[in-house]
Amino acid sequence: MGAMIQKDDGFDAAKSEPAIRFGHVSKVFGGVRALDDVSFEVGRGEVHCLAGENGSGKSTLIKIITGVYRPEPGAEMEYFGKAETSVTPNSARGRGIAVIWQDLALFPEMTVAENIAFDTLLGIRPRLVSHKGMRDTARAALAKLGVDLDLEARLNTLPIAQRQVVAIARALVSDARLIFMDEPTASLTQAETDHLLAVVRTLSAAGVAVVFVSHRLAEVLEISSRVTVLRDGRLVGVYQTQGMTQSRLTELMTGKTFDTVVGARDTAANRKVLEIENLTRRGEYEDVSLVVRAGEILGLTGLIGAGRTELCHTLFGMTRPDRGTIRLNGKVLTMNSNRDAVAAGIAYVSEDRLALGLVQPQSIADNLVIPVLDRISGADGLISRRKKGDLVRKWLVDLAIKTGRPEDAVATLSGGNQQRVALAKWLATEPKVLILDSPTVGVDVGARAGIYKIVRALADQGLAILLISDEVSEVHFNADRILHMAGGRMIGEYDPRRTTLHELEEAVYA
Ligand SMILES: Nc1ncnc2c1ncn2[C@@H]1O[C@H](COP(=O)(O)OP(=O)(O)OP(=O)(O)O)[C@@H](O)[C@H]1O
Ligand SMILES: [Mg+2]
């Protein structure tokens with residue numbers, strides 16, 4: 001992917017006036033020191049990346065700069081040459097700061113046009129809102145992104161990648177001079193990502209600075225001229241990306257080094273667990289046949305829109321196929337809801353942790369035990385505190401979830417740690433088939449390695465695993481076998497031990 005886009009090395013921080021300059025920024029939440037004496041500077045028109053593991057303080061720093069959180073006393077804050085003592089979201093916006101949040105912060109019940117033009121509607125009496133004006137604004141913003149969406153579609157009917165596009169278009173509308181993008185590409189396909197990176201370059205060339213957060217390091221190195229690295233809430237340093245490598249950046253973020261090796265093994269002789277034959281759901285996927293064996297990690301890759309997620313929804317009982325059969329351990333499975341799927345032993349970790357995964361205001365512990373209440377209840381039907389505590393502790397340790405207390409709301413966890421809670425929740429059901437749809441979106445390198453170690457251990461215990469990802473390298477390194485899906489059909493099968501990562505990427509991204 002590196003070859004597709006030319007990196008702009010023209011930015012010279014020394015010559016540029018800073019857009020923002022922050023010093024001595026600290027933030028404490030209860031007992032957690034999320035930021036400790038951090039400084040951060042972005043030049044005008046610069047593309048600057050903020051890198052760090054899950055929970056290192058990236059989103060917190062962004063929230064301070066955009067006026068959502070107040071820093072501890074002693075912080076120095078300067079916007080476009082002007083020092084400030086206190087900042088609110090409104091005053092930050094007034095200074096030309098816009099932000100695209102990790103959780104998008106959109107209005108699911110409103111249309112695409114309303115969401116994009118939302119800020120321009122503020123302060124206008126509802127009766128005077130011009131629908132035409134709103135649509136024009138929205139259309140122009142989408143055109144800048146090179147995307148065509150139905151302006152009247154309600155947001156909650158769109159897939160997450162398109163909602164992301166709406167959030168980005170909305171930031172473009174407000175004439176920002178500095179845009180924060182907190183993991184904007186987490187749910188985008190390669191093509192959509194390339195498109196977004198091109199837009200970021202356009203913005204930068206027009207003098208708009210962009211601060212970019214992503215756990216996909218290739219992207220970080222491609223798009224930015226400098227990267228600020230945080231670790232455990234402290235500043236590690238600020239680096240030119242020219243000459244920087246992914247492994248060096250990983251080392252700066254984690255203090256450790258990681259190896260990537262193809263983990264595939266031969267599972268062809270294992271018992272068939274999940275068998276799908278000629279499965280079709282019109283308009284979504286066509287004539288899909290596949291087998292997942294006990295102990296096998298079957299990778300499924302392809303671009304968004306390939307029909308992968310739609311197929312998962314059927315396998316999880318959420319939609320019904322028009323044709324074809326699903327067999328589990330040799331028996332035909334007919335499912336009328338996801339309850340039937342769970343009862344049959346199918347678990348599904350969705351790509352959209354916010355919509356399908358977790359109950360944000362509820363505690364981490366409660367979220368973890370929702371699917372297994374019967375197992376931790378005593379004969380009297382009451383939940384055993386001890387069993388619940390044991391189970392929660394086990395998963396927090398196994399998945400190295402960074403949390404203050406298990407009783408804290410899921411909403412207080414960093415994005416990547418939320419993803420781990422979603423995974424733990426389903427693993428606790430001890431399923432026969434585990435469907436993982438983009439399980440590491442928004443998860444840092446160190447934690448990815450941890451999650452895949454766990455996934456491999458689960459396969460070794462006999463679980464059949466369907467691993468979906470549009471990051472081809474993830475399936476290449478972690479799956480035993482890889483299927484390629486496009487336009488709703490299976491169009492290729494690969495053995496990662498015989499196909500190089502490069503060949504696979506050529507096939508999928510071509
Ligand atoms: N509102 C809050 N209440 C309590 N703790 C919080 C709150 N917001 C953040 N934290 C804690 O502060 C630390 C930094 O979190 P932050 O969200 O800034 O991390 P991040 O670098 O954005 O991580 P990720 O890559 O996972 O998104 C974490 O330990 C997190 O649990
Ligand atoms: Mg974050």
# chains A, B, ... in the order shown; residues from 1 in each chain; ligands from 1
>>> residues_around(residues="Leu315 (chain A)", least_positions_apart="6", cutoff="10 Å", atoms="only C-alpha atoms", output="PyMOL selection string")
chain A and resi 274+276+309+321+326+333-335+338+341+346-348+435
>>> select_by_dssp(residues="region 285-479 of chain A", states="helix (DSSP H, G or I)", output="ChimeraX atom specification")
/A:308-315,338-344,353-357,364-372,385-398,410-412,415-427,445-460,472-478
>>> select_by_dssp(residues="region 256-355 of chain A", states="strand (DSSP E)", output="count of residues only")
36
>>> residues_near_ligand(ligand="ligand 2", cutoff="8 Å", atoms="only C-alpha atoms and all ligand atoms", output="ChimeraX atom specification")
/A:54-55,57-60,102,182-183,414-416
>>> closest_atom_pairs(of="chain A", to="ligand 1", cutoff="9 Å", atoms="only C-alpha atoms and all ligand atoms", output="CSV")
residue,atom,partner,partner_atom_place_in_ligand_line,distance
A:Lys27,CA,ligand 1,12 (O),8.3
A:Val28,CA,ligand 1,12 (O),7.8
A:Phe29,CA,ligand 1,4 (C),4.8
A:Gly30,CA,ligand 1,4 (C),6.7
A:Gly31,CA,ligand 1,5 (N),8.5
A:Val32,CA,ligand 1,29 (O),6.2
A:Arg33,CA,ligand 1,12 (O),6.9
A:Ala34,CA,ligand 1,12 (O),4.1
A:Leu35,CA,ligand 1,14 (C),7.3
A:Leu50,CA,ligand 1,21 (O),8.9
A:Ala51,CA,ligand 1,21 (O),7.8
A:Gly52,CA,ligand 1,21 (O),6.0
A:Glu53,CA,ligand 1,25 (O),5.6
A:Asn54,CA,ligand 1,26 (O),3.3
A:Gly55,CA,ligand 1,19 (O),3.3
A:Ser56,CA,ligand 1,21 (O),3.9
A:Gly57,CA,ligand 1,18 (O),3.2
A:Lys58,CA,ligand 1,21 (O),3.7
A:Ser59,CA,ligand 1,22 (O),3.6
A:Thr60,CA,ligand 1,18 (O),3.7
A:Leu61,CA,ligand 1,18 (O),6.5
A:Ile62,CA,ligand 1,18 (O),8.0
A:Lys63,CA,ligand 1,18 (O),8.3
A:Tyr69,CA,ligand 1,1 (N),8.9
A:Gln102,CA,ligand 1,27 (O),7.4
A:Asp182,CA,ligand 1,27 (O),8.0
A:Glu183,CA,ligand 1,27 (O),8.0
A:Val213,CA,ligand 1,25 (O),8.2
A:Ser214,CA,ligand 1,25 (O),8.0
A:His215,CA,ligand 1,25 (O),7.3
A:Leu230,CA,ligand 1,21 (O),7.8
A:Arg231,CA,ligand 1,21 (O),8.4
A:Asp232,CA,ligand 1,14 (C),7.8
A:Gly233,CA,ligand 1,14 (C),6.9
A:Lys402,CA,ligand 1,29 (O),6.4
A:Thr403,CA,ligand 1,31 (O),5.7
A:Gly404,CA,ligand 1,31 (O),6.9
A:Asp408,CA,ligand 1,4 (C),8.1
A:Ala409,CA,ligand 1,3 (N),8.6
A:Ala411,CA,ligand 1,1 (N),7.4
A:Thr412,CA,ligand 1,2 (C),4.4
A:Leu413,CA,ligand 1,31 (O),4.2
A:Ser414,CA,ligand 1,17 (O),3.9
A:Gly415,CA,ligand 1,26 (O),4.0
A:Gly416,CA,ligand 1,26 (O),3.7
A:Asn417,CA,ligand 1,26 (O),5.6
A:Gln418,CA,ligand 1,26 (O),7.6
A:Gln419,CA,ligand 1,26 (O),8.6
A:Gly442,CA,ligand 1,25 (O),6.4
A:Val443,CA,ligand 1,25 (O),6.5
A:Asp444,CA,ligand 1,25 (O),6.4
>>> atom_distance(atom1="CA of Arg44 (chain A)", atom2="CA of Ala98 (chain A)")
14.1 Å
>>> residues_around(residues="Asn270 (chain A)", least_positions_apart="2", cutoff="7 Å", atoms="only C-alpha atoms", output="number ranges by chain")
A: 267-268, 272, 293-294
>>> write_last_selection(atoms="C-alpha atoms", output="PDB file, in the first residue's frame")
ATOM      1  CA  THR A 267      -5.909 -28.704   9.940  1.00  0.00           C
ATOM      2  CA  ALA A 268      -7.247 -30.499   6.843  1.00  0.00           C
ATOM      3  CA  LYS A 272     -15.776 -30.482  10.349  1.00  0.00           C
ATOM      4  CA  ARG A 293     -12.844 -27.456  11.123  1.00  0.00           C
ATOM      5  CA  ALA A 294     -12.196 -28.016  14.798  1.00  0.00           C
TER       6      ALA A 294
END
>>> closest_residue(among="A:Arg265, A:Arg93, A:Lys432, A:Arg282", to="Ala176 (chain A)", atoms="only C-alpha atoms")
A:Arg93
>>> closest_residue(among="A:Tyr494, A:Tyr79, A:Tyr509, A:Phe180", to="Leu298 (chain A)", atoms="only C-alpha atoms")
A:Tyr494
>>> residues_around(residues="Ala428 (chain A)", least_positions_apart="2", cutoff="8 Å", atoms="only C-alpha atoms", output="ChimeraX atom specification")
/A:368-369,371-372,424-426,430
>>> write_last_selection(atoms="N, CA and C atoms", output="mmCIF file, in the first residue's frame")
data_model
loop_
_atom_site.group_PDB
_atom_site.id
_atom_site.type_symbol
_atom_site.label_atom_id
_atom_site.label_comp_id
_atom_site.auth_asym_id
_atom_site.auth_seq_id
_atom_site.Cartn_x
_atom_site.Cartn_y
_atom_site.Cartn_z
ATOM 1 N N LEU A 368 -19.346 -8.207 30.957
ATOM 2 C CA LEU A 368 -18.655 -9.480 30.754
ATOM 3 C C LEU A 368 -19.563 -10.672 31.018
ATOM 4 N N VAL A 369 -20.432 -10.568 32.006
ATOM 5 C CA VAL A 369 -21.185 -11.759 32.407
ATOM 6 C C VAL A 369 -22.567 -11.875 31.757
ATOM 7 N N PRO A 371 -23.758 -12.764 28.817
ATOM 8 C CA PRO A 371 -24.151 -13.995 28.118
ATOM 9 C C PRO A 371 -24.062 -15.258 28.978
ATOM 10 N N VAL A 372 -23.500 -15.189 30.165
ATOM 11 C CA VAL A 372 -23.284 -16.426 30.937
ATOM 12 C C VAL A 372 -23.936 -16.384 32.312
ATOM 13 N N ALA A 424 -13.869 -10.794 25.407
ATOM 14 C CA ALA A 424 -13.932 -11.626 26.612
ATOM 15 C C ALA A 424 -15.359 -12.077 26.879
ATOM 16 N N LYS A 425 -16.287 -11.168 26.652
ATOM 17 C CA LYS A 425 -17.692 -11.456 26.901
ATOM 18 C C LYS A 425 -18.137 -12.696 26.133
ATOM 19 N N TRP A 426 -17.723 -12.791 24.877
ATOM 20 C CA TRP A 426 -18.141 -13.937 24.066
ATOM 21 C C TRP A 426 -17.322 -15.172 24.352
ATOM 22 N N GLU A 430 -17.938 -19.993 26.112
ATOM 23 C CA GLU A 430 -17.321 -21.252 25.698
ATOM 24 C C GLU A 430 -17.995 -21.815 24.452
#
>>> closest_atom_pairs(of="region 451-495 of chain A", to="region 184-206 of chain A", cutoff="12 Å", atoms="only C-alpha atoms", output="CSV")
residue,atom,partner,partner_atom,distance
A:Ser469,CA,A:Thr189,CA,9.7
A:Asp470,CA,A:Thr189,CA,6.5
A:Glu471,CA,A:Gln190,CA,8.1
A:Val472,CA,A:Gln190,CA,9.8
>>> residues_around(residues="Arg339 (chain A)", least_positions_apart="3", cutoff="8 Å", atoms="only C-alpha atoms", output="MDAnalysis selection string")
chainID A and resid 317 342:343
>>> residues_around(residues="region 384-393 of chain A", least_positions_apart="3", cutoff="10 Å", atoms="only C-alpha atoms", output="PyMOL selection string")
chain A and resi 364-369+372-373+375-381+396-398+401+406+421+424-425+428
>>> closest_residue(among="A:Asp36, A:Glu277, A:Glu152, A:Asp437", to="Ala113 (chain A)", atoms="only C-alpha atoms")
A:Glu152
>>> atom_distance(atom1="CA of Asp37 (chain A)", atom2="CA of Pro18 (chain A)")
19.4 Å
>>> atom_distance(atom1="CA of Asn156 (chain A)", atom2="CA of Pro108 (chain A)")
4.7 Å
>>> closest_residue(among="A:Arg70, A:Val238, A:Asp150, A:Ala464", to="Thr111 (chain A)", atoms="only C-alpha atoms")
A:Asp150
>>> residues_around(residues="Leu249 (chain A)", least_positions_apart="6", cutoff="10 Å", atoms="only C-alpha atoms", output="PyMOL selection string")
chain A and resi 51-52+217+220-221+227+229+239+241+255+257
>>> closest_residue(among="A:Arg226, A:Glu275, A:Gly487, A:Glu493", to="Lys331 (chain A)", atoms="only C-alpha atoms")
A:Glu275
>>> closest_residue(among="A:Cys312, A:Ile451, A:Val332, A:Ile297", to="Leu463 (chain A)", atoms="only C-alpha atoms")
A:Ile297
